[in-house]
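Data first, discussion second: the structure below is written as structure tokens.
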Amino acid sequence: MRLGRRTLCALVLLLACTSLGLLYVSTRDTTGLRTPPSLWAPPQGPSRPQLPDLAPEPRYAHIPVRFKEQVVRLLAQNNCSCESSGGLLSLPFQRQVRATDFTKAFDPKELKAASATREQEFQSFLSRSLSSADQLLIAPANCPLQYPLQGVEVQPLKSILVPGLSLQAASGQELYQVNLTASLGTWDVAGEVAGVTLTGDGQPDLTISSPGLDLLNRQLQLVIYSSRSYEINTADTVRFSTEGHEAAFTIRIRHLPNPRLYPSGALSQGEQYNISALVTIATKTFLRYDRLRTLITSIRRFYPTVTIVIADDSEKPERVRGPHIEHYLMPFGKGWFAGRNLAVSQVTTKYVLWVDDDFVFTARTRLEKLVDVLERTSLDLVGGAVREISGYATTYRQLLSVEPGAPGQGNCLRQRRGFHQELLGFRDCVVTDGVVNFFLARTDKVREVGFDPRYSRVAHLEFFLDGLGSLRVGSCSDVIVDHASKVKLPWVSRDASAETYARFRYPDSLDASQVARHRLLFFKNRLQCMTAE
């Protein structure tokens, strides 16, 4: 017995040493043993990150500076690349980063043409989306001119009184004079002050002068700006100057925000949310009618009157009937995101809950919690957790960021697991960028971002990428929906519909749909590559 124990201990020790050895081989940095990284770098990019322009003004060029490179690296480098990491073997609990090069979806000649067309479209996009409101303005030092820094807005072809204009000059001058210059509008005054001379009223350039400083400042309180160029969302950078000094500020030109309001879900003391009036459940199905009916049955156990919208692109559709069920048929294999668009387009409630057709509601699928989060915060979308048959629940919380690349090369997408911060006032909830396929969202916000129908077979994170910067996303791990088991017993044969579903749902890496996905990310989102944990 003693010999058996020694043998067992030796075997355990040998296995432990072998595992450590494999881990060392897979992660060490020795030349010849290191795994060649899947690296994408711009063809003419430097070997190390290019530091931003920190050159001094000429008058400060003589002053020495010791730069903190580790801090400077935090600044945008405009020369991103994507590199895999994790070593030769994929070991448990080892962090893996996978790099994907979207340029590989093109042959060299096609890539050159696609890149040129993409840059042309990108410049057109910038001309449409940027305005003078995005221009960097630096206030002059000790300027005697007083003017509004921000918050001045006018509707297209309308007029406003410009607040805050004043000249704080030294007294005793013979004449005080200021000039106003606009590019998208004209200047005028609501009334004329005696002792003040106006030149150019009704024109883009207005000069106001007076021997009295108080008279001039009273006249400045009556200055009117009128929009003369019809632009629905832009800004006019106007110039305000006096002798030896000039300042600039922006006047925003846009229509008033047009609200789309729904009845409030606010509660009085002791009341509960009316989920049927606030929420519509939407799903996309394809061939799996047994799973779909299980989903509907589980929903009805807890929410018997909530509306369920189903988008269906099965080849031989089966009718799905029942109270508060809307079943919409699509052309065969139309696609995943096209089905999402169809389902969401039919929602008439304030919120839409997206679920997969193989989910199962349980007592822990508490939609009231998700509604409460959206009612009491500025979030647009909040995800829950999906529990597998193993008992493991995932929230699929993802952090997304886009790093600038070299000119003409496109940007780099970074995808990491995690969240930004906890959501104040809500236990088990956080703020993040992407969540699992079980989420409640503001209906109008989801429609605003939209689901690109060109993603027909495999897509999820692409929706959150399109919403990055405009879609406020949260996640609550204590609102859980079950995932129907995908385990297939060996003695149970798979039917034809299951085979067809698997072929459409799980294409291999060389499938045309995967290549099309990479092409779309390259061109539409102007990405050269991505890294993902």
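Convention: chains lettered A, B, ... in structure tokens order; per-chain residue numbering from 1; ligands numbered from 1 as shown.
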Do a neighbour search on Thr443 in chain A at 7 Å with only C-alpha atoms, toss out local chain neighbours closer than 3 positions, and write the hits as a short mmCIF file (atom, residue, chain, number, x, y, z; two decimals) with all heavy atoms, in the first residue's frame.
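File around27.cif, as written:
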data_model
loop_
_atom_site.label_atom_id
_atom_site.label_comp_id
_atom_site.auth_asym_id
_atom_site.auth_seq_id
_atom_site.Cartn_x
_atom_site.Cartn_y
_atom_site.Cartn_z
N LYS A 350 -42.81 50.78 -25.62
CA LYS A 350 -41.64 51.59 -25.28
C LYS A 350 -40.36 50.77 -25.33
O LYS A 350 -39.31 51.26 -25.77
CB LYS A 350 -41.84 52.19 -23.89
CG LYS A 350 -40.76 53.17 -23.45
CD LYS A 350 -41.12 53.78 -22.10
CE LYS A 350 -40.11 54.86 -21.68
NZ LYS A 350 -40.50 55.48 -20.38
N TYR A 351 -40.44 49.51 -24.90
CA TYR A 351 -39.27 48.66 -24.83
C TYR A 351 -39.47 47.38 -25.65
O TYR A 351 -40.60 46.90 -25.81
CB TYR A 351 -38.96 48.28 -23.38
CG TYR A 351 -38.74 49.46 -22.47
CD1 TYR A 351 -39.58 49.69 -21.38
CD2 TYR A 351 -37.68 50.34 -22.68
CE1 TYR A 351 -39.38 50.77 -20.54
CE2 TYR A 351 -37.47 51.43 -21.85
CZ TYR A 351 -38.33 51.64 -20.79
OH TYR A 351 -38.14 52.71 -19.96
N VAL A 352 -38.36 46.84 -26.13
CA VAL A 352 -38.37 45.55 -26.82
C VAL A 352 -37.39 44.64 -26.11
O VAL A 352 -36.26 45.02 -25.80
CB VAL A 352 -38.02 45.71 -28.32
CG1 VAL A 352 -36.68 46.39 -28.52
CG2 VAL A 352 -38.04 44.35 -29.02
N VAL A 446 -33.02 51.15 -30.59
CA VAL A 446 -32.62 49.98 -31.38
C VAL A 446 -32.86 50.24 -32.85
O VAL A 446 -32.04 49.90 -33.71
CB VAL A 446 -33.39 48.73 -30.90
CG1 VAL A 446 -33.13 47.56 -31.84
CG2 VAL A 446 -32.97 48.37 -29.49
N ARG A 447 -34.00 50.84 -33.18
CA ARG A 447 -34.27 51.16 -34.59
C ARG A 447 -33.26 52.17 -35.13
O ARG A 447 -32.87 52.11 -36.30
CB ARG A 447 -35.68 51.72 -34.72
CG ARG A 447 -36.79 50.69 -34.51
CD ARG A 447 -38.14 51.32 -34.67
NE ARG A 447 -39.21 50.37 -34.41
CZ ARG A 447 -40.35 50.68 -33.83
NH1 ARG A 447 -40.57 51.92 -33.44
NH2 ARG A 447 -41.28 49.77 -33.63
#
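Excluding Gly333 in chain A itself and any same-chain residue fewer than 5 positions from it, the protein and nucleic acid residues within 9 Å of it, counting only C-alpha atoms, are Phe286, Asp313, Ser314, Glu315, Ser456, Arg457 and Phe504 of chain A.
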Could you turn the residues from that selection into a file that holds C-alpha atoms, as a short mmCIF file (atom, residue, chain, number, x, y, z; two decimals), in the first residue's frame?
data_model
loop_
_atom_site.label_atom_id
_atom_site.label_comp_id
_atom_site.auth_asym_id
_atom_site.auth_seq_id
_atom_site.Cartn_x
_atom_site.Cartn_y
_atom_site.Cartn_z
CA PHE A 286 -35.39 29.31 -38.37
CA ASP A 313 -37.39 32.69 -42.64
CA SER A 314 -37.86 28.89 -42.63
CA GLU A 315 -38.18 27.15 -45.99
CA SER A 456 -27.24 37.08 -42.78
CA ARG A 457 -25.90 34.08 -40.88
CA PHE A 504 -26.73 27.71 -41.82
#
Note to self: Taking the DSSP secondary structure from the backbone, can you list the residues of range 108-219 of chain A that are strand (DSSP E), as a PyMOL selection string?
What the structure shows: chain A and resi 145-146+153-154+159-161+166-167+176-181+185-189+197-199+205-210
Checklist line | Residue contacts of range 103-119 of chain A (7 Å, only C-alpha atoms) excluding same-chain residues fewer than 2 positions away, as a list in words | finding: Asp101, Glu121, Phe122, Gln123, Gly408, Val515, His518, Arg519, Phe523 and Gln528 of chain A
Limited to all heavy atoms, could you put the picked residues into a file as a PDB file, in the first residue's frame?
ATOM      1  N   ASP A 101      -7.372  39.567 -39.427  1.00  0.00           N
ATOM      2  CA  ASP A 101      -6.959  40.523 -40.441  1.00  0.00           C
ATOM      3  C   ASP A 101      -8.032  40.580 -41.524  1.00  0.00           C
ATOM      4  O   ASP A 101      -8.199  39.643 -42.305  1.00  0.00           O
ATOM      5  CB  ASP A 101      -5.613  40.083 -41.037  1.00  0.00           C
ATOM      6  CG  ASP A 101      -5.064  41.087 -42.044  1.00  0.00           C
ATOM      7  OD1 ASP A 101      -5.776  42.064 -42.344  1.00  0.00           O
ATOM      8  OD2 ASP A 101      -3.939  40.887 -42.525  1.00  0.00           O
ATOM      9  N   GLU A 121     -15.190  57.252 -49.793  1.00  0.00           N
ATOM     10  CA  GLU A 121     -16.453  57.278 -49.051  1.00  0.00           C
ATOM     11  C   GLU A 121     -16.251  57.844 -47.641  1.00  0.00           C
ATOM     12  O   GLU A 121     -17.126  58.522 -47.104  1.00  0.00           O
ATOM     13  CB  GLU A 121     -17.042  55.870 -48.979  1.00  0.00           C
ATOM     14  CG  GLU A 121     -17.591  55.363 -50.295  1.00  0.00           C
ATOM     15  CD  GLU A 121     -18.752  56.222 -50.781  1.00  0.00           C
ATOM     16  OE1 GLU A 121     -19.661  56.503 -49.981  1.00  0.00           O
ATOM     17  OE2 GLU A 121     -18.729  56.625 -51.955  1.00  0.00           O
ATOM     18  N   PHE A 122     -15.094  57.577 -47.045  1.00  0.00           N
ATOM     19  CA  PHE A 122     -14.816  58.075 -45.702  1.00  0.00           C
ATOM     20  C   PHE A 122     -14.718  59.598 -45.685  1.00  0.00           C
ATOM     21  O   PHE A 122     -15.242  60.261 -44.786  1.00  0.00           O
ATOM     22  CB  PHE A 122     -13.522  57.451 -45.175  1.00  0.00           C
ATOM     23  CG  PHE A 122     -13.121  57.927 -43.806  1.00  0.00           C
ATOM     24  CD1 PHE A 122     -13.952  57.728 -42.712  1.00  0.00           C
ATOM     25  CD2 PHE A 122     -11.922  58.579 -43.597  1.00  0.00           C
ATOM     26  CE1 PHE A 122     -13.595  58.168 -41.448  1.00  0.00           C
ATOM     27  CE2 PHE A 122     -11.542  59.023 -42.347  1.00  0.00           C
ATOM     28  CZ  PHE A 122     -12.392  58.815 -41.267  1.00  0.00           C
ATOM     29  N   GLN A 123     -14.053  60.154 -46.683  1.00  0.00           N
ATOM     30  CA  GLN A 123     -13.964  61.611 -46.767  1.00  0.00           C
ATOM     31  C   GLN A 123     -15.339  62.232 -46.985  1.00  0.00           C
ATOM     32  O   GLN A 123     -15.655  63.294 -46.443  1.00  0.00           O
ATOM     33  CB  GLN A 123     -13.007  62.021 -47.897  1.00  0.00           C
ATOM     34  CG  GLN A 123     -11.560  61.612 -47.659  1.00  0.00           C
ATOM     35  CD  GLN A 123     -11.000  62.163 -46.348  1.00  0.00           C
ATOM     36  OE1 GLN A 123     -11.263  63.309 -45.976  1.00  0.00           O
ATOM     37  NE2 GLN A 123     -10.242  61.334 -45.647  1.00  0.00           N
ATOM     38  N   GLY A 408      -5.112  56.192 -44.353  1.00  0.00           N
ATOM     39  CA  GLY A 408      -5.476  55.321 -45.454  1.00  0.00           C
ATOM     40  C   GLY A 408      -5.519  53.853 -45.126  1.00  0.00           C
ATOM     41  O   GLY A 408      -5.919  53.047 -45.975  1.00  0.00           O
ATOM     42  N   VAL A 515     -16.323  35.347 -45.081  1.00  0.00           N
ATOM     43  CA  VAL A 515     -15.543  36.259 -45.903  1.00  0.00           C
ATOM     44  C   VAL A 515     -16.306  37.564 -46.124  1.00  0.00           C
ATOM     45  O   VAL A 515     -15.752  38.657 -46.031  1.00  0.00           O
ATOM     46  CB  VAL A 515     -15.189  35.598 -47.249  1.00  0.00           C
ATOM     47  CG1 VAL A 515     -14.455  36.592 -48.153  1.00  0.00           C
ATOM     48  CG2 VAL A 515     -14.340  34.356 -47.025  1.00  0.00           C
ATOM     49  N   HIS A 518     -16.116  39.772 -43.033  1.00  0.00           N
ATOM     50  CA  HIS A 518     -14.842  40.480 -42.904  1.00  0.00           C
ATOM     51  C   HIS A 518     -14.746  41.629 -43.908  1.00  0.00           C
ATOM     52  O   HIS A 518     -14.218  42.700 -43.590  1.00  0.00           O
ATOM     53  CB  HIS A 518     -13.688  39.503 -43.102  1.00  0.00           C
ATOM     54  CG  HIS A 518     -13.530  38.540 -41.978  1.00  0.00           C
ATOM     55  ND1 HIS A 518     -12.606  37.513 -41.973  1.00  0.00           N
ATOM     56  CD2 HIS A 518     -14.188  38.426 -40.788  1.00  0.00           C
ATOM     57  CE1 HIS A 518     -12.696  36.837 -40.845  1.00  0.00           C
ATOM     58  NE2 HIS A 518     -13.647  37.366 -40.111  1.00  0.00           N
ATOM     59  N   ARG A 519     -15.253  41.414 -45.107  1.00  0.00           N
ATOM     60  CA  ARG A 519     -15.262  42.482 -46.105  1.00  0.00           C
ATOM     61  C   ARG A 519     -16.115  43.662 -45.631  1.00  0.00           C
ATOM     62  O   ARG A 519     -15.757  44.826 -45.835  1.00  0.00           O
ATOM     63  CB  ARG A 519     -15.810  41.958 -47.436  1.00  0.00           C
ATOM     64  CG  ARG A 519     -14.843  41.094 -48.222  1.00  0.00           C
ATOM     65  CD  ARG A 519     -15.559  40.422 -49.392  1.00  0.00           C
ATOM     66  NE  ARG A 519     -14.614  39.790 -50.296  1.00  0.00           N
ATOM     67  CZ  ARG A 519     -14.267  40.266 -51.486  1.00  0.00           C
ATOM     68  NH1 ARG A 519     -14.802  41.392 -51.924  1.00  0.00           N
ATOM     69  NH2 ARG A 519     -13.403  39.627 -52.252  1.00  0.00           N
ATOM     70  N   PHE A 523     -14.842  47.503 -44.980  1.00  0.00           N
ATOM     71  CA  PHE A 523     -15.298  48.653 -45.749  1.00  0.00           C
ATOM     72  C   PHE A 523     -16.267  49.531 -44.950  1.00  0.00           C
ATOM     73  O   PHE A 523     -16.028  50.724 -44.775  1.00  0.00           O
ATOM     74  CB  PHE A 523     -15.976  48.191 -47.035  1.00  0.00           C
ATOM     75  CG  PHE A 523     -16.155  49.300 -48.040  1.00  0.00           C
ATOM     76  CD1 PHE A 523     -15.228  49.479 -49.053  1.00  0.00           C
ATOM     77  CD2 PHE A 523     -17.229  50.178 -47.961  1.00  0.00           C
ATOM     78  CE1 PHE A 523     -15.374  50.512 -49.973  1.00  0.00           C
ATOM     79  CE2 PHE A 523     -17.378  51.211 -48.868  1.00  0.00           C
ATOM     80  CZ  PHE A 523     -16.453  51.376 -49.882  1.00  0.00           C
ATOM     81  N   GLN A 528      -9.184  47.724 -40.318  1.00  0.00           N
ATOM     82  CA  GLN A 528      -8.186  46.878 -40.955  1.00  0.00           C
ATOM     83  C   GLN A 528      -8.075  45.532 -40.260  1.00  0.00           C
ATOM     84  O   GLN A 528      -7.735  44.522 -40.894  1.00  0.00           O
ATOM     85  CB  GLN A 528      -6.820  47.572 -40.970  1.00  0.00           C
ATOM     86  CG  GLN A 528      -6.338  48.019 -39.583  1.00  0.00           C
ATOM     87  CD  GLN A 528      -4.932  48.563 -39.605  1.00  0.00           C
ATOM     88  OE1 GLN A 528      -4.031  47.866 -40.041  1.00  0.00           O
ATOM     89  NE2 GLN A 528      -4.733  49.798 -39.157  1.00  0.00           N
TER      90      GLN A 528
END
I'd like the neighbourhood of Tyr328 in chain A as a PDB file with all heavy atoms, in the first residue's frame, where a residue qualifies if any of its atoms comes within 10 Å (using only C-alpha atoms), though same-chain residues fewer than 5 positions away should be ignored.
ATOM      1  N   LYS A 284     -36.281  35.800 -33.539  1.00  0.00           N
ATOM      2  CA  LYS A 284     -36.107  35.348 -34.918  1.00  0.00           C
ATOM      3  C   LYS A 284     -35.988  33.827 -34.880  1.00  0.00           C
ATOM      4  O   LYS A 284     -35.199  33.281 -34.100  1.00  0.00           O
ATOM      5  CB  LYS A 284     -34.834  35.972 -35.500  1.00  0.00           C
ATOM      6  CG  LYS A 284     -34.201  35.270 -36.682  1.00  0.00           C
ATOM      7  CD  LYS A 284     -34.986  35.478 -37.956  1.00  0.00           C
ATOM      8  CE  LYS A 284     -34.227  34.898 -39.152  1.00  0.00           C
ATOM      9  NZ  LYS A 284     -33.900  33.475 -39.030  1.00  0.00           N
ATOM     10  N   VAL A 309     -43.469  38.917 -30.904  1.00  0.00           N
ATOM     11  CA  VAL A 309     -43.310  39.107 -32.345  1.00  0.00           C
ATOM     12  C   VAL A 309     -42.256  38.127 -32.841  1.00  0.00           C
ATOM     13  O   VAL A 309     -41.145  38.069 -32.306  1.00  0.00           O
ATOM     14  CB  VAL A 309     -42.894  40.554 -32.675  1.00  0.00           C
ATOM     15  CG1 VAL A 309     -42.628  40.700 -34.173  1.00  0.00           C
ATOM     16  CG2 VAL A 309     -43.975  41.532 -32.231  1.00  0.00           C
ATOM     17  N   ILE A 310     -42.614  37.358 -33.883  1.00  0.00           N
ATOM     18  CA  ILE A 310     -41.731  36.316 -34.412  1.00  0.00           C
ATOM     19  C   ILE A 310     -41.437  36.609 -35.878  1.00  0.00           C
ATOM     20  O   ILE A 310     -42.361  36.769 -36.681  1.00  0.00           O
ATOM     21  CB  ILE A 310     -42.383  34.921 -34.286  1.00  0.00           C
ATOM     22  CG1 ILE A 310     -42.767  34.636 -32.833  1.00  0.00           C
ATOM     23  CG2 ILE A 310     -41.441  33.843 -34.841  1.00  0.00           C
ATOM     24  CD1 ILE A 310     -43.733  33.479 -32.686  1.00  0.00           C
ATOM     25  N   ALA A 311     -40.151  36.684 -36.227  1.00  0.00           N
ATOM     26  CA  ALA A 311     -39.728  36.765 -37.623  1.00  0.00           C
ATOM     27  C   ALA A 311     -39.222  35.395 -38.036  1.00  0.00           C
ATOM     28  O   ALA A 311     -38.393  34.794 -37.343  1.00  0.00           O
ATOM     29  CB  ALA A 311     -38.643  37.819 -37.801  1.00  0.00           C
ATOM     30  N   ASP A 312     -39.697  34.870 -39.158  1.00  0.00           N
ATOM     31  CA  ASP A 312     -39.460  33.471 -39.534  1.00  0.00           C
ATOM     32  C   ASP A 312     -39.042  33.403 -41.000  1.00  0.00           C
ATOM     33  O   ASP A 312     -39.791  33.821 -41.892  1.00  0.00           O
ATOM     34  CB  ASP A 312     -40.752  32.677 -39.298  1.00  0.00           C
ATOM     35  CG  ASP A 312     -40.593  31.192 -39.549  1.00  0.00           C
ATOM     36  OD1 ASP A 312     -39.530  30.770 -40.038  1.00  0.00           O
ATOM     37  OD2 ASP A 312     -41.548  30.444 -39.260  1.00  0.00           O
ATOM     38  N   ASP A 313     -37.830  32.880 -41.255  1.00  0.00           N
ATOM     39  CA  ASP A 313     -37.385  32.688 -42.639  1.00  0.00           C
ATOM     40  C   ASP A 313     -37.131  31.214 -42.953  1.00  0.00           C
ATOM     41  O   ASP A 313     -36.236  30.871 -43.720  1.00  0.00           O
ATOM     42  CB  ASP A 313     -36.143  33.526 -42.946  1.00  0.00           C
ATOM     43  CG  ASP A 313     -34.942  33.154 -42.085  1.00  0.00           C
ATOM     44  OD1 ASP A 313     -35.118  32.425 -41.091  1.00  0.00           O
ATOM     45  OD2 ASP A 313     -33.815  33.579 -42.417  1.00  0.00           O
ATOM     46  N   ARG A 319     -47.317  27.452 -39.106  1.00  0.00           N
ATOM     47  CA  ARG A 319     -48.046  28.535 -38.464  1.00  0.00           C
ATOM     48  C   ARG A 319     -47.903  28.462 -36.951  1.00  0.00           C
ATOM     49  O   ARG A 319     -48.057  27.392 -36.356  1.00  0.00           O
ATOM     50  CB  ARG A 319     -49.522  28.490 -38.850  1.00  0.00           C
ATOM     51  CG  ARG A 319     -49.805  29.083 -40.222  1.00  0.00           C
ATOM     52  CD  ARG A 319     -49.521  30.567 -40.217  1.00  0.00           C
ATOM     53  NE  ARG A 319     -49.666  31.181 -41.528  1.00  0.00           N
ATOM     54  CZ  ARG A 319     -49.351  32.437 -41.804  1.00  0.00           C
ATOM     55  NH1 ARG A 319     -48.857  33.206 -40.856  1.00  0.00           N
ATOM     56  NH2 ARG A 319     -49.506  32.926 -43.016  1.00  0.00           N
ATOM     57  N   VAL A 320     -47.613  29.604 -36.366  1.00  0.00           N
ATOM     58  CA  VAL A 320     -47.516  29.709 -34.913  1.00  0.00           C
ATOM     59  C   VAL A 320     -48.633  30.643 -34.476  1.00  0.00           C
ATOM     60  O   VAL A 320     -48.586  31.847 -34.731  1.00  0.00           O
ATOM     61  CB  VAL A 320     -46.140  30.245 -34.474  1.00  0.00           C
ATOM     62  CG1 VAL A 320     -46.061  30.312 -32.951  1.00  0.00           C
ATOM     63  CG2 VAL A 320     -45.025  29.364 -35.023  1.00  0.00           C
ATOM     64  N   GLY A 339     -34.052  39.445 -40.023  1.00  0.00           N
ATOM     65  CA  GLY A 339     -35.153  39.032 -39.156  1.00  0.00           C
ATOM     66  C   GLY A 339     -35.283  39.911 -37.928  1.00  0.00           C
ATOM     67  O   GLY A 339     -36.393  40.232 -37.484  1.00  0.00           O
ATOM     68  N   LEU A 342     -37.014  43.104 -39.028  1.00  0.00           N
ATOM     69  CA  LEU A 342     -38.450  42.902 -39.243  1.00  0.00           C
ATOM     70  C   LEU A 342     -39.191  42.843 -37.914  1.00  0.00           C
ATOM     71  O   LEU A 342     -40.226  43.505 -37.738  1.00  0.00           O
ATOM     72  CB  LEU A 342     -38.688  41.619 -40.036  1.00  0.00           C
ATOM     73  CG  LEU A 342     -40.153  41.194 -40.186  1.00  0.00           C
ATOM     74  CD1 LEU A 342     -40.978  42.278 -40.871  1.00  0.00           C
ATOM     75  CD2 LEU A 342     -40.254  39.885 -40.963  1.00  0.00           C
ATOM     76  N   ALA A 343     -38.675  42.059 -36.980  1.00  0.00           N
ATOM     77  CA  ALA A 343     -39.358  41.915 -35.689  1.00  0.00           C
ATOM     78  C   ALA A 343     -39.438  43.245 -34.953  1.00  0.00           C
ATOM     79  O   ALA A 343     -40.506  43.638 -34.458  1.00  0.00           O
ATOM     80  CB  ALA A 343     -38.640  40.866 -34.841  1.00  0.00           C
ATOM     81  N   GLN A 346     -42.027  45.973 -35.954  1.00  0.00           N
ATOM     82  CA  GLN A 346     -43.437  45.788 -35.609  1.00  0.00           C
ATOM     83  C   GLN A 346     -43.743  46.059 -34.140  1.00  0.00           C
ATOM     84  O   GLN A 346     -44.884  45.899 -33.707  1.00  0.00           O
ATOM     85  CB  GLN A 346     -43.872  44.353 -35.966  1.00  0.00           C
ATOM     86  CG  GLN A 346     -43.710  44.015 -37.435  1.00  0.00           C
ATOM     87  CD  GLN A 346     -44.428  44.997 -38.331  1.00  0.00           C
ATOM     88  OE1 GLN A 346     -45.626  45.233 -38.179  1.00  0.00           O
ATOM     89  NE2 GLN A 346     -43.688  45.592 -39.278  1.00  0.00           N
TER      90      GLN A 346
END
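Nearest-residue note for Trp336 in chain A: choosing from A:Thr377, A:Thr305, A:Thr199, A:Ser513, the minimum distance belongs to A:Ser513, counting only C-alpha atoms.
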